[in-house]
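> Input work-v2.pdb, format and content: PDB, C-alpha atoms.
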MODEL        1
ATOM      1  CA  MET A   1       1.188 -12.439  70.700
ATOM      2  CA  LYS A   2       3.275 -14.697  68.541
ATOM      3  CA  THR A   3       3.019 -12.384  65.558
ATOM      4  CA  LYS A   4       4.144  -9.457  67.684
ATOM      5  CA  THR A   5       7.341 -11.188  68.812
ATOM      6  CA  ARG A   6       7.990 -12.244  65.240
ATOM      7  CA  ARG A   7       7.603  -8.677  64.071
ATOM      8  CA  ILE A   8       9.975  -7.403  66.753
ATOM      9  CA  LEU A   9      12.488 -10.084  65.776
ATOM     10  CA  ALA A  10      12.233  -9.077  62.123
ATOM     11  CA  LEU A  11      12.751  -5.423  62.993
ATOM     12  CA  CYS A  12      15.821  -6.318  65.081
ATOM     13  CA  CYS A  13      17.267  -8.326  62.179
ATOM     14  CA  ALA A  14      16.612  -5.451  59.772
ATOM     15  CA  ALA A  15      18.295  -2.977  62.117
ATOM     16  CA  LEU A  16      21.279  -5.321  62.509
ATOM     17  CA  ILE A  17      21.679  -5.722  58.738
ATOM     18  CA  LEU A  18      21.334  -1.983  58.224
ATOM     19  CA  ALA A  19      23.954  -1.246  60.887
ATOM     20  CA  ALA A  20      26.333  -3.821  59.407
ATOM     21  CA  GLY A  21      25.906  -2.357  55.946
ATOM     22  CA  LEU A  22      26.465   1.168  57.221
ATOM     23  CA  TYR A  23      29.604   0.056  59.061
ATOM     24  CA  ALA A  24      30.904  -1.702  55.932
ATOM     25  CA  LEU A  25      30.305   1.443  53.919
ATOM     26  CA  VAL A  26      32.149   3.649  56.391
ATOM     27  CA  TRP A  27      34.977   1.115  56.659
ATOM     28  CA  ALA A  28      35.295   0.884  52.876
ATOM     29  CA  LYS A  29      35.332   4.655  52.507
ATOM     30  CA  ALA A  30      38.028   4.948  55.188
ATOM     31  CA  THR A  31      40.358   2.126  54.150
ATOM     32  CA  LEU A  32      39.991   1.427  50.418
ATOM     33  CA  PRO A  33      42.209   3.422  48.082
ATOM     34  CA  PRO A  34      40.400   5.915  45.862
ATOM     35  CA  THR A  35      39.924   4.676  42.305
ATOM     36  CA  TYR A  36      39.230   8.003  40.677
ATOM     37  CA  ASP A  37      39.302  11.343  42.438
ATOM     38  CA  GLY A  38      38.521  13.526  39.446
ATOM     39  CA  THR A  39      41.939  15.125  39.240
ATOM     40  CA  LYS A  40      44.149  12.448  37.673
ATOM     41  CA  GLN A  41      44.657  12.721  33.942
ATOM     42  CA  GLU A  42      46.106   9.288  33.169
ATOM     43  CA  ALA A  43      44.240   6.017  33.525
ATOM     44  CA  ASP A  44      45.020   3.466  36.231
ATOM     45  CA  GLY A  45      44.113  -0.143  36.944
ATOM     46  CA  ALA A  46      42.417  -2.118  34.201
ATOM     47  CA  ALA A  47      41.861   1.036  32.161
ATOM     48  CA  ALA A  48      45.613   1.651  32.101
ATOM     49  CA  ILE A  49      46.264  -1.876  30.817
ATOM     50  CA  ILE A  50      43.700  -1.420  28.056
ATOM     51  CA  VAL A  51      44.909   2.037  27.063
ATOM     52  CA  GLN A  52      48.634   1.255  27.119
ATOM     53  CA  LYS A  53      48.723  -2.261  25.716
ATOM     54  CA  ASN A  54      45.875  -2.071  23.206
ATOM     55  CA  LEU A  55      47.938  -0.751  20.297
ATOM     56  CA  GLY A  56      50.524  -3.461  20.780
ATOM     57  CA  GLU A  57      48.023  -6.278  21.235
ATOM     58  CA  ALA A  58      45.184  -5.476  18.863
ATOM     59  CA  TYR A  59      46.695  -2.790  16.606
ATOM     60  CA  ALA A  60      43.530  -0.678  16.722
ATOM     61  CA  ALA A  61      43.297   3.016  17.465
ATOM     62  CA  ASN A  62      39.921   2.757  19.181
ATOM     63  CA  ASP A  63      40.003   0.682  22.363
ATOM     64  CA  VAL A  64      36.277   0.032  22.386
ATOM     65  CA  ALA A  65      36.284  -1.249  18.810
ATOM     66  CA  SER A  66      39.209  -3.555  19.510
ATOM     67  CA  ILE A  67      37.429  -4.954  22.581
ATOM     68  CA  VAL A  68      34.112  -5.441  20.818
ATOM     69  CA  PHE A  69      35.470  -6.941  17.596
ATOM     70  CA  ASP A  70      38.805  -8.489  18.591
ATOM     71  CA  PHE A  71      38.948  -9.525  22.242
ATOM     72  CA  ARG A  72      35.204 -10.145  22.462
ATOM     73  CA  GLY A  73      34.528 -11.180  18.887
ATOM     74  CA  TYR A  74      32.503 -14.199  19.943
ATOM     75  CA  ASP A  75      30.326 -11.931  22.053
ATOM     76  CA  THR A  76      29.535  -9.709  19.073
ATOM     77  CA  LEU A  77      28.892 -12.765  16.937
ATOM     78  CA  GLY A  78      26.412 -14.149  19.459
ATOM     79  CA  GLU A  79      24.801 -10.738  19.786
ATOM     80  CA  SER A  80      24.209 -10.507  16.058
ATOM     81  CA  PHE A  81      22.826 -14.037  16.000
ATOM     82  CA  ILE A  82      20.446 -13.114  18.820
ATOM     83  CA  LEU A  83      19.201 -10.250  16.637
ATOM     84  CA  LEU A  84      18.881 -12.625  13.662
ATOM     85  CA  THR A  85      16.900 -15.127  15.734
ATOM     86  CA  ALA A  86      14.661 -12.432  17.198
ATOM     87  CA  ILE A  87      13.831 -11.038  13.764
ATOM     88  CA  ALA A  88      13.236 -14.519  12.339
ATOM     89  CA  GLY A  89      10.904 -15.308  15.250
ATOM     90  CA  SER A  90       8.931 -12.099  14.925
ATOM     91  CA  PHE A  91       8.762 -12.640  11.151
ATOM     92  CA  VAL A  92       7.252 -16.081  11.682
ATOM     93  CA  ILE A  93       4.745 -14.816  14.264
ATOM     94  CA  LEU A  94       3.674 -11.720  12.309
ATOM     95  CA  ALA A  95       3.479 -13.551   8.966
ATOM     96  CA  MET A  96       1.418 -16.298  10.608
ATOM     97  CA  SER A  97      -0.968 -13.755  12.099
ATOM     98  CA  HIS A  98      -1.347 -12.127   8.690
ATOM     99  CA  HIS A  99      -2.004 -15.451   7.011
ATOM    100  CA  GLY A 100      -4.544 -16.303   9.690
ATOM    101  CA  GLU A 101      -6.484 -13.103   8.981
ATOM    102  CA  GLU A 102      -6.451 -13.828   5.289
ATOM    103  CA  ASP A 103      -7.686 -17.357   5.822
ATOM    104  CA  GLU A 104     -10.528 -16.098   7.971
ATOM    105  CA  LYS A 105     -11.463 -13.594   5.290
ATOM    106  CA  ASP A 106     -11.397 -16.298   2.655
ATOM    107  CA  GLU A 107     -13.661 -18.496   4.745
ATOM    108  CA  VAL A 108     -16.117 -15.670   5.314
TER     109      VAL A 108
ATOM    110  CA  MET B   1      -7.891   1.152  19.781
ATOM    111  CA  LYS B   2      -7.255   4.487  18.243
ATOM    112  CA  TYR B   3      -4.230   3.528  16.139
ATOM    113  CA  LYS B   4      -5.412   0.092  15.097
ATOM    114  CA  ASN B   5      -5.527   1.010  11.444
ATOM    115  CA  GLY B   6      -2.129   2.690  11.423
ATOM    116  CA  ILE B   7      -1.421   6.095  10.011
ATOM    117  CA  THR B   8      -3.814   6.998   7.216
ATOM    118  CA  GLN B   9      -4.090  10.749   7.492
ATOM    119  CA  LYS B  10      -1.027  12.479   6.101
ATOM    120  CA  ASN B  11      -0.321  15.408   8.335
ATOM    121  CA  VAL B  12       1.638  18.059   6.454
ATOM    122  CA  VAL B  13       3.787  18.925   9.470
ATOM    123  CA  VAL B  14       4.818  15.302  10.002
ATOM    124  CA  LYS B  15       5.395  14.922   6.261
ATOM    125  CA  CYS B  16       7.676  17.956   6.105
ATOM    126  CA  GLY B  17       9.504  16.779   9.218
ATOM    127  CA  ALA B  18      10.078  13.370   7.679
ATOM    128  CA  ASP B  19      11.291  14.999   4.452
ATOM    129  CA  LYS B  20      13.767  17.116   6.365
ATOM    130  CA  PHE B  21      15.059  14.455   8.730
ATOM    131  CA  LEU B  22      15.316  11.523   6.308
ATOM    132  CA  PRO B  23      18.580  12.576   4.601
ATOM    133  CA  PHE B  24      20.122  13.556   7.927
ATOM    134  CA  ALA B  25      19.216  10.198   9.475
ATOM    135  CA  LEU B  26      20.712   8.334   6.519
ATOM    136  CA  VAL B  27      23.932  10.365   6.372
ATOM    137  CA  PHE B  28      24.424  10.419  10.137
ATOM    138  CA  GLY B  29      23.837   6.677  10.440
ATOM    139  CA  LEU B  30      26.215   5.881   7.580
ATOM    140  CA  TYR B  31      28.813   8.186   9.120
ATOM    141  CA  ILE B  32      28.541   6.361  12.433
ATOM    142  CA  ILE B  33      28.947   2.997  10.682
ATOM    143  CA  LEU B  34      31.935   4.157   8.613
ATOM    144  CA  PHE B  35      33.799   5.803  11.499
ATOM    145  CA  GLY B  36      32.798   3.242  14.107
ATOM    146  CA  THR B  37      36.317   1.983  14.715
ATOM    147  CA  VAL B  38      38.057   5.333  15.094
ATOM    148  CA  SER B  39      35.403   7.345  16.903
ATOM    149  CA  PRO B  40      32.563   6.740  19.355
ATOM    150  CA  GLY B  41      29.828   4.748  17.701
ATOM    151  CA  GLY B  42      29.921   1.477  15.846
ATOM    152  CA  GLY B  43      28.111  -0.763  13.425
ATOM    153  CA  PHE B  44      25.146  -1.619  15.620
ATOM    154  CA  GLN B  45      24.243   1.923  16.594
ATOM    155  CA  GLY B  46      24.676   3.340  13.102
ATOM    156  CA  GLY B  47      22.625   0.513  11.637
ATOM    157  CA  VAL B  48      19.732   1.280  13.949
ATOM    158  CA  ILE B  49      19.915   4.980  13.032
ATOM    159  CA  VAL B  50      19.807   4.174   9.305
ATOM    160  CA  ALA B  51      16.923   1.752   9.859
ATOM    161  CA  SER B  52      14.968   4.466  11.642
ATOM    162  CA  SER B  53      14.639   6.222   8.278
ATOM    163  CA  ALA B  54      12.109   3.517   7.349
ATOM    164  CA  LEU B  55      10.047   4.661  10.312
ATOM    165  CA  LEU B  56      10.334   8.271   9.111
ATOM    166  CA  LEU B  57       9.034   7.210   5.693
ATOM    167  CA  TYR B  58       6.107   5.458   7.354
ATOM    168  CA  LEU B  59       5.322   8.452   9.557
ATOM    169  CA  GLY B  60       5.312  10.812   6.616
ATOM    170  CA  TYR B  61       3.767   8.778   3.830
ATOM    171  CA  GLY B  62       2.015   5.746   5.293
ATOM    172  CA  TYR B  63       2.600   2.048   4.856
ATOM    173  CA  LYS B  64       1.925   1.759   1.142
ATOM    174  CA  THR B  65       4.632   4.206   0.093
ATOM    175  CA  ALA B  66       7.115   2.920   2.643
ATOM    176  CA  SER B  67       6.686  -0.696   1.612
ATOM    177  CA  ARG B  68       6.941   0.268  -2.047
ATOM    178  CA  ALA B  69      10.097   2.305  -1.476
ATOM    179  CA  ILE B  70      11.877  -0.352   0.593
ATOM    180  CA  ASN B  71      12.417  -3.799  -0.852
ATOM    181  CA  SER B  72      11.867  -6.187   2.023
ATOM    182  CA  ASP B  73      13.360  -9.140   0.134
ATOM    183  CA  VAL B  74      16.670  -7.318  -0.189
ATOM    184  CA  LEU B  75      16.624  -6.518   3.522
ATOM    185  CA  ARG B  76      15.861 -10.103   4.466
ATOM    186  CA  VAL B  77      18.723 -11.444   2.365
ATOM    187  CA  GLY B  78      21.051  -8.619   3.382
ATOM    188  CA  GLU B  79      20.810  -9.514   7.048
ATOM    189  CA  SER B  80      22.051 -13.034   6.391
ATOM    190  CA  VAL B  81      24.760 -11.687   4.078
ATOM    191  CA  GLY B  82      25.997  -9.364   6.821
ATOM    192  CA  ALA B  83      26.136 -12.162   9.407
ATOM    193  CA  THR B  84      28.012 -14.396   6.955
ATOM    194  CA  LEU B  85      30.474 -11.595   6.156
ATOM    195  CA  TYR B  86      31.199 -11.173   9.854
ATOM    196  CA  VAL B  87      31.986 -14.879  10.240
ATOM    197  CA  ILE B  88      34.184 -14.889   7.119
ATOM    198  CA  LEU B  89      36.121 -11.840   8.316
ATOM    199  CA  GLY B  90      36.541 -13.499  11.698
ATOM    200  CA  LEU B  91      37.802 -16.677  10.031
ATOM    201  CA  ILE B  92      40.577 -14.706   8.290
ATOM    202  CA  GLY B  93      42.287 -14.640  11.677
ATOM    203  CA  ILE B  94      42.395 -18.440  11.703
ATOM    204  CA  PHE B  95      43.714 -18.631   8.152
ATOM    205  CA  VAL B  96      46.689 -16.402   8.931
ATOM    206  CA  GLY B  97      47.641 -18.648  11.833
ATOM    207  CA  SER B  98      46.037 -16.986  14.851
ATOM    208  CA  VAL B  99      42.683 -17.201  16.644
ATOM    209  CA  PHE B 100      39.112 -16.413  15.577
ATOM    210  CA  CYS B 101      38.328 -12.682  15.309
ATOM    211  CA  ARG B 102      42.026 -11.815  15.390
ATOM    212  CA  ASN B 103      42.784  -8.401  13.966
ATOM    213  CA  VAL B 104      44.870  -8.753  10.794
ATOM    214  CA  PHE B 105      45.896  -6.422   7.954
ATOM    215  CA  TYR B 106      46.459  -3.672  10.471
ATOM    216  CA  ASN B 107      48.729  -0.627  10.146
ATOM    217  CA  ILE B 108      47.361   0.521   6.806
ATOM    218  CA  GLY B 109      48.336   4.146   7.042
ATOM    219  CA  PRO B 110      48.799   6.145  10.253
ATOM    220  CA  VAL B 111      46.964   5.241  13.448
ATOM    221  CA  GLY B 112      43.550   6.872  13.535
ATOM    222  CA  ASP B 113      42.901   6.643   9.811
ATOM    223  CA  LEU B 114      39.631   5.192   8.590
ATOM    224  CA  ILE B 115      40.929   1.715   7.706
ATOM    225  CA  SER B 116      44.012   1.690   9.917
ATOM    226  CA  GLY B 117      42.271  -0.702  12.301
ATOM    227  CA  GLY B 118      42.562  -3.743  10.036
ATOM    228  CA  THR B 119      39.816  -6.325   9.754
ATOM    229  CA  ILE B 120      37.872  -5.101  12.777
ATOM    230  CA  THR B 121      36.901  -2.084  10.664
ATOM    231  CA  PHE B 122      35.301  -4.336   8.081
ATOM    232  CA  MET B 123      33.759  -6.515  10.760
ATOM    233  CA  SER B 124      32.164  -3.352  12.109
ATOM    234  CA  TYR B 125      30.843  -2.575   8.616
ATOM    235  CA  ALA B 126      29.456  -6.099   8.332
ATOM    236  CA  VAL B 127      27.641  -5.775  11.657
ATOM    237  CA  GLY B 128      26.347  -2.362  10.592
ATOM    238  CA  PHE B 129      24.968  -3.731   7.315
ATOM    239  CA  LYS B 130      23.410  -6.672   9.122
ATOM    240  CA  VAL B 131      21.721  -4.500  11.755
ATOM    241  CA  LEU B 132      20.586  -1.985   9.123
ATOM    242  CA  CYS B 133      18.867  -4.720   7.127
ATOM    243  CA  GLY B 134      17.558  -6.615  10.143
ATOM    244  CA  VAL B 135      16.041  -3.706  12.029
ATOM    245  CA  GLY B 136      14.682  -2.197   8.817
ATOM    246  CA  PHE B 137      12.980  -5.492   7.992
ATOM    247  CA  LEU B 138      11.600  -5.732  11.531
ATOM    248  CA  LEU B 139      10.194  -2.197  11.290
ATOM    249  CA  LEU B 140       8.592  -3.038   7.924
ATOM    250  CA  LEU B 141       6.989  -6.122   9.484
ATOM    251  CA  LEU B 142       5.603  -4.120  12.384
ATOM    252  CA  MET B 143       4.268  -1.500   9.975
ATOM    253  CA  GLY B 144       2.597  -4.290   8.005
ATOM    254  CA  VAL B 145       0.690  -5.334  11.126
ATOM    255  CA  LEU B 146      -0.474  -1.734  11.561
ATOM    256  CA  ALA B 147      -1.399  -1.339   7.898
ATOM    257  CA  PRO B 148      -5.072  -0.686   7.179
ATOM    258  CA  ASP B 149      -6.950  -3.197   5.044
ATOM    259  CA  GLY B 150      -7.292  -1.031   1.952
ATOM    260  CA  ASP B 151      -3.623  -0.034   2.220
ATOM    261  CA  ASP B 152      -2.374  -3.606   2.223
ATOM    262  CA  GLY B 153       0.570  -3.872  -0.109
ATOM    263  CA  LYS B 154       1.948  -7.032  -1.604
ATOM    264  CA  GLU B 155       4.859  -7.053   0.834
ATOM    265  CA  ALA B 156       2.593  -7.478   3.832
ATOM    266  CA  LYS B 157       1.552 -10.961   2.764
ATOM    267  CA  GLU B 158       5.014 -12.409   3.201
TER     268      GLU B 158
ENDMDL
END
Could you rewrite the structure in this file as structure tokens?


Amino acid sequence: MKTKTRRILALCCAALILAAGLYALVWAKATLPPTYDGTKQEADGAAAIIVQKNLGEAYAANDVASIVFDFRGYDTLGESFILLTAIAGSFVILAMSHHGEEDEKDEV
Amino acid sequence: MKYKNGITQKNVVVKCGADKFLPFALVFGLYIILFGTVSPGGGFQGGVIVASSALLLYLGYGYKTASRAINSDVLRVGESVGATLYVILGLIGIFVGSVFCRNVFYNIGPVGDLISGGTITFMSYAVGFKVLCGVGFLLLLLMGVLAPDGDDGKEAKE
């Protein structure tokens, strides 16, 4: 009996959350301004800032390159060090496994 | 496991495919590294494409030939050299009186030229070289694990 009431309560909660989410979706669709409708040619919002100010700020033709290597240079640096660490770790593990096999062979 | 001993039989179709695709992989990867700052692409992606040529060598010719053709010591050192080059090129920004990774030496030629981007172009090349060496070395290591016992080259013992 207790489990049945609990199940009904859970179903009610799920229905409530679903209804709230659906309402939020409809409300957002009705009130929020459209970000991109597929017809505009020029960028807006953050994309406009990047496209229009990039040449003056970073002096690079390619926006993505200027973001990756200039504005987010530390990010790229950390990324490359992650790769370095991963390769060093796998080198240690694989070389150790190889050495272990050789040692076993030598013992046999 | 079926593939425990790696690739020992040299299939002629795979060999011809590797022969045909190896130069294209190298040229395409180097193109993506070189034009990373003015076109879609970049150092990381191009480096991985160039490193995949090691895998093509392995697929076509087996571990012994691949490990003999590619010097793993050079790759291991080259990865560290690439990472150091990136840091040095980033430090140039500090030495000219700005922040780390600042783009300097820009406006060489018209916008959209190969080296018009300034130092970020060379930082992209450094990352490309580093990834090329690093991923190539990783692939060689993984091939060494798959190498059969009789095919064990000297490089696998490292």

> Would you tabulate, counting all atoms listed in the file, all residues of chain A that have an atom at most 8 Å from an atom of chain B, showing the closest pair of atoms and their distance in Å to one decimal, sorted by chain then ascending number, as a tab-separated table?


residue	atom	partner	partner_atom	distance
A:Ala58	CA	B:Asn103	CA	6.2
A:Tyr59	CA	B:Tyr106	CA	6.2
A:Ala60	CA	B:Gly117	CA	4.6
A:Ala61	CA	B:Gly112	CA	5.5
A:Asn62	CA	B:Val38	CA	5.2
A:Val64	CA	B:Thr37	CA	7.9
A:Ala65	CA	B:Thr37	CA	5.2
A:Ser66	CA	B:Ile120	CA	7.0
A:Phe69	CA	B:Ile120	CA	5.7
A:Asp70	CA	B:Cys101	CA	5.3
A:Phe71	CA	B:Cys101	CA	7.6
A:Gly73	CA	B:Cys101	CA	5.4
A:Tyr74	CA	B:Cys101	CA	7.6
A:Leu77	CA	B:Tyr86	CA	7.6
A:Ser80	CA	B:Ala83	CA	7.1
A:Phe81	CA	B:Ala83	CA	7.6
A:Leu83	CA	B:Gly134	CA	7.6
A:Leu84	CA	B:Gly134	CA	7.1
A:Ile87	CA	B:Leu138	CA	6.2
A:Ser90	CA	B:Leu138	CA	7.7
A:Phe91	CA	B:Leu141	CA	7.0
A:Leu94	CA	B:Leu141	CA	7.1
A:Ala95	CA	B:Glu158	CA	6.1
A:His98	CA	B:Lys157	CA	6.7
A:His99	CA	B:Lys157	CA	7.1

> Mind giving me the straight-line distance from CA of Gly60 (chain B) to CA of Gly128 (chain B) in Å, one decimal?

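According to the coordinates, CA of Gly60 (chain B) and CA of Gly128 (chain B) are separated by 25.1 Å.
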
> Would you work out the distance separating CA of Tyr61 (chain B) from CA of Gly78 (chain B), expressed in Å to one decimal?

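Interatomic distance here is 24.5 Å.
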
> Would you mind reading off the distance between CA of Leu30 (chain B) and CA of Ala54 (chain B), one decimal, in Å?

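Between CA of Leu30 (chain B) and CA of Ala54 (chain B) the gap is 14.3 Å.
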